[in-house]
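Data first, discussion second: the structure below is written as structure tokens.
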Amino acid sequence: MTTTISTPTYSLQKLGWKPYFQQQLSLDEWDQMKPARVCALHRNRLDVFSEHGHLSIPVLPNMPELAVGDWILLSGEDHFARLLERFSRFWRKAAGSKIEEQLIASNVDTVFIVCSLNQDFNLSRIERYLALAHQSGVEPVIVLSKADCVDDPTLFVEQVHHIDNMLLVEYVNGLDRDSVAKLAPWCRTGKTVAFLGSSGAGKSTLVNTLLATETQQTASIREEDCKGRHTTTARSLHLMQGGGLLLDTPGMRELQLADCSEGLSTTFADIETLAEQCRFGDCAHQYEPGCAVLAAIESGALEERRLRNYLKLNREVTFNTASIAEKRAKSKQLGRMYRTIQSTNRKHKNRE
């Protein structure tokens, strides 16, 4: 049963509606259906924003896999009708040993990649998140949190610019509204921003400051290793006072990449450009003579850390992509076998 959680009305534009979605609707659908945006997912229901208020829709077996940020169509009785095509999509290989894809969020305009200025500051992790953002076609902004913990945050900004001097980088104190106001240009009306970053990076504090409310619980980090404790436990979409939409995600310690070759190519464009100048087309950039990548490291033009991370992430993407493809093939084969058995059983029953 569909329930109305609250009755405030929202314009479609404020909820992030774009011509991209409008073009997917037929005239009959526009007249008879209601667009709604998924703002939270639960085990047995999903919450949506619409022009008619905040609704709770039951999750049914025939529904496609949904993500927070999705646009769906509801019937006149507020029943799920169909999912609209996404213009951007975040997904990853599921955490742990599971060989499957996991949707994270959809229809995001900008992703804030949050990294705290303490012992957790890690350029290789930033590169990992950048690959995910580039693969998803979403604008990345590096947000260096807890700027009040260091004497000179600009030193960290310079390190991030060694990855790419065109990267957008802001440093903030998540507890200071004036400091967090630096993020306002990406939080305009109808724009959706998402947060990515490891646990303890300060995402929940930033969320609370941007929303001017204690929406997310916060917790202190462990002093001995600066590792964070998980405080956000579910993905959710929130309306900001400035008109934008904020999509918060749980802290992800384990972000495994798969099917992300384009994202890696964009993130490590400098290495791939150098690789074109190597003597051998299949150069592994290890010990080969005439390797332009190794020459750049020797000259100081390229960091050895960056090459190591590039090779590591490429191995990870190759392995995970192959594993997922193999599982898909096995699932199709199993499905064909089941259909063959069912068909054979039906024939036997008809003969009897």
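Residues in the structure tokens are numbered from 1 in each chain, the chains being A, B, ... in the order shown, and ligands are numbered from 1 in the order shown.
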
> How would you write, as a ChimeraX atom specification, the set of residues in region 127-186 of chain A that DSSP gives as helix (DSSP H, G or I)?
Replying inline: /A:127-136,147-149,154-163,177-186

> Which residues in region 144-286 of chain A does DSSP call strand (DSSP E or B)? List them as a ChimeraX atom specification.
Replying inline: /A:144-145,168-171,192-196,236-239,245-248,256

> Could you pull the residues within 9 Å of Asp78 (chain A), counting only C-alpha atoms, minus those fewer than 4 positions along the same chain, as an NGL selection string?
Replying inline: :A and (2 or 33-34 or 55 or 57 or 73-74)

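Note that the spacing between CA of Arg305 (chain A) and CA of Ser124 (chain A) amounts to 8.0 Å.
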
>> Taking 5 positions as the minimum chain separation for residues in the same chain, which residues sit within 10 Å of region 243-250 of chain A when counting only C-alpha atoms? Answer as a PyMOL selection string.
In response: chain A and resi 13-16+39-40+68-69+104-106+108-111+184-199+203-204+207+210-211+216+230-238

Could you write out that same residue set with C-alpha atoms as a PDB file, in the first residue's frame?
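The file below, again-v6.pdb, is the result:
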```pdb
ATOM      1  CA  GLN A  13      12.811  21.193 -11.587  1.00  0.00           C
ATOM      2  CA  LYS A  14      13.719  21.470  -7.898  1.00  0.00           C
ATOM      3  CA  LEU A  15      13.867  17.674  -7.725  1.00  0.00           C
ATOM      4  CA  GLY A  16      16.392  17.561 -10.581  1.00  0.00           C
ATOM      5  CA  CYS A  39      15.035   9.394  -2.130  1.00  0.00           C
ATOM      6  CA  ALA A  40      15.537   6.286   0.051  1.00  0.00           C
ATOM      7  CA  VAL A  68      18.645   6.379  -4.828  1.00  0.00           C
ATOM      8  CA  GLY A  69      18.399   9.209  -7.364  1.00  0.00           C
ATOM      9  CA  ILE A 104      25.384   3.027  -5.557  1.00  0.00           C
ATOM     10  CA  ALA A 105      23.486   6.050  -6.926  1.00  0.00           C
ATOM     11  CA  SER A 106      22.097   7.516 -10.126  1.00  0.00           C
ATOM     12  CA  VAL A 108      24.176  12.666 -10.082  1.00  0.00           C
ATOM     13  CA  ASP A 109      25.584  15.924 -11.494  1.00  0.00           C
ATOM     14  CA  THR A 110      28.634  16.363  -9.225  1.00  0.00           C
ATOM     15  CA  VAL A 111      30.447  14.047  -6.842  1.00  0.00           C
ATOM     16  CA  ALA A 184      27.633  26.330  -2.935  1.00  0.00           C
ATOM     17  CA  PRO A 185      28.370  26.700  -6.691  1.00  0.00           C
ATOM     18  CA  TRP A 186      27.749  22.964  -7.140  1.00  0.00           C
ATOM     19  CA  CYS A 187      24.602  22.931  -4.970  1.00  0.00           C
ATOM     20  CA  ARG A 188      22.300  25.138  -7.020  1.00  0.00           C
ATOM     21  CA  THR A 189      18.581  24.463  -7.485  1.00  0.00           C
ATOM     22  CA  GLY A 190      17.925  21.187  -9.280  1.00  0.00           C
ATOM     23  CA  LYS A 191      21.554  20.011  -9.124  1.00  0.00           C
ATOM     24  CA  THR A 192      22.332  16.700  -7.432  1.00  0.00           C
ATOM     25  CA  VAL A 193      25.587  16.188  -5.566  1.00  0.00           C
ATOM     26  CA  ALA A 194      26.844  12.938  -4.047  1.00  0.00           C
ATOM     27  CA  PHE A 195      29.543  12.221  -1.492  1.00  0.00           C
ATOM     28  CA  LEU A 196      32.207   9.546  -1.788  1.00  0.00           C
ATOM     29  CA  GLY A 197      34.967   8.906   0.711  1.00  0.00           C
ATOM     30  CA  SER A 198      36.216   6.482   3.309  1.00  0.00           C
ATOM     31  CA  SER A 199      34.702   6.213   6.790  1.00  0.00           C
ATOM     32  CA  LYS A 203      31.101  13.274   5.028  1.00  0.00           C
ATOM     33  CA  SER A 204      28.319  13.162   7.631  1.00  0.00           C
ATOM     34  CA  VAL A 207      26.036  16.758   5.161  1.00  0.00           C
ATOM     35  CA  LEU A 210      24.974  21.753   4.213  1.00  0.00           C
ATOM     36  CA  LEU A 211      21.497  20.735   5.369  1.00  0.00           C
ATOM     37  CA  GLN A 216      23.335  12.173   9.874  1.00  0.00           C
ATOM     38  CA  HIS A 230      30.703   3.961  10.024  1.00  0.00           C
ATOM     39  CA  THR A 231      27.938   6.447  10.890  1.00  0.00           C
ATOM     40  CA  THR A 232      25.893   6.678   7.669  1.00  0.00           C
ATOM     41  CA  THR A 233      24.155   3.331   7.188  1.00  0.00           C
ATOM     42  CA  ALA A 234      21.835   3.956   4.238  1.00  0.00           C
ATOM     43  CA  ARG A 235      21.865   5.953   1.026  1.00  0.00           C
ATOM     44  CA  SER A 236      19.437   8.856   1.043  1.00  0.00           C
ATOM     45  CA  LEU A 237      18.550  11.957  -0.961  1.00  0.00           C
ATOM     46  CA  HIS A 238      17.952  15.271   0.816  1.00  0.00           C
TER      47      HIS A 238
END
```

>> Can you tell me which residues surround region 291-303 of chain A at a distance of at most 6 Å, considering only C-alpha atoms, apart from same-chain residues fewer than 4 positions away, and format the answer as a ChimeraX atom specification?
In response: /A:274,277-278

Sorted by chain and rising residue number, list the residues of region 56-159 of chain A at most 12 Å from region 23-27 of chain A (counting only C-alpha atoms), each with its closest atom pair and distance in Å to one decimal, as JSON lines.
```
{"residue": "A:Trp71", "atom": "CA", "partner": "A:Gln24", "partner_atom": "CA", "distance": 11.1}
{"residue": "A:Ile72", "atom": "CA", "partner": "A:Leu25", "partner_atom": "CA", "distance": 10.9}
{"residue": "A:Leu73", "atom": "CA", "partner": "A:Leu25", "partner_atom": "CA", "distance": 9.4}
{"residue": "A:Arg82", "atom": "CA", "partner": "A:Leu25", "partner_atom": "CA", "distance": 10.7}
{"residue": "A:Leu83", "atom": "CA", "partner": "A:Gln24", "partner_atom": "CA", "distance": 10.3}
{"residue": "A:Leu84", "atom": "CA", "partner": "A:Gln24", "partner_atom": "CA", "distance": 7.2}
{"residue": "A:Glu85", "atom": "CA", "partner": "A:Gln24", "partner_atom": "CA", "distance": 7.8}
{"residue": "A:Arg86", "atom": "CA", "partner": "A:Gln24", "partner_atom": "CA", "distance": 10.6}
{"residue": "A:Phe87", "atom": "CA", "partner": "A:Gln24", "partner_atom": "CA", "distance": 11.6}
```

>> I want to know what sits within 10 Å of Ser265 (chain A), based on only C-alpha atoms, with residues of the same chain fewer than 3 positions away left out; could you give that as a PyMOL selection string?
In response: chain A and resi 131+134-135+260-262+268-273+310+314

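The shortest atom-to-atom distance to Leu46 (chain A), with only C-alpha atoms taken into account, belongs to A:Phe80 out of A:Asn62, A:Phe80, A:Tyr20, A:Asn165.
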
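Interatomic distance, CA of Ala258 (chain A) against CA of Val114 (chain A): 21.4 Å.
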
> Quick one, how far is CA of Leu123 (chain A) from CA of Gly202 (chain A)?
Replying inline: 16.8 Å

>> If we count only C-alpha atoms and set the cut-off at 8 Å, which residues sit around Trp91 (chain A), ignoring sequence neighbours fewer than 2 positions away in its own chain? Please answer as JSON, numbers by chain.
In response: {"A": [89, 93, 101, 102, 103, 104, 105]}

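Here the question is which of A:Val59, A:Leu41, A:Leu168, A:Ala322 gets nearest to Pro140 (chain A) using only C-alpha atoms, and that residue is A:Leu168.
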
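For the set A:His79, A:Ser88, A:Ser145, A:His52, the residue with the smallest atom-to-atom gap to Phe21 (chain A) is A:Ser88, counting only C-alpha atoms.
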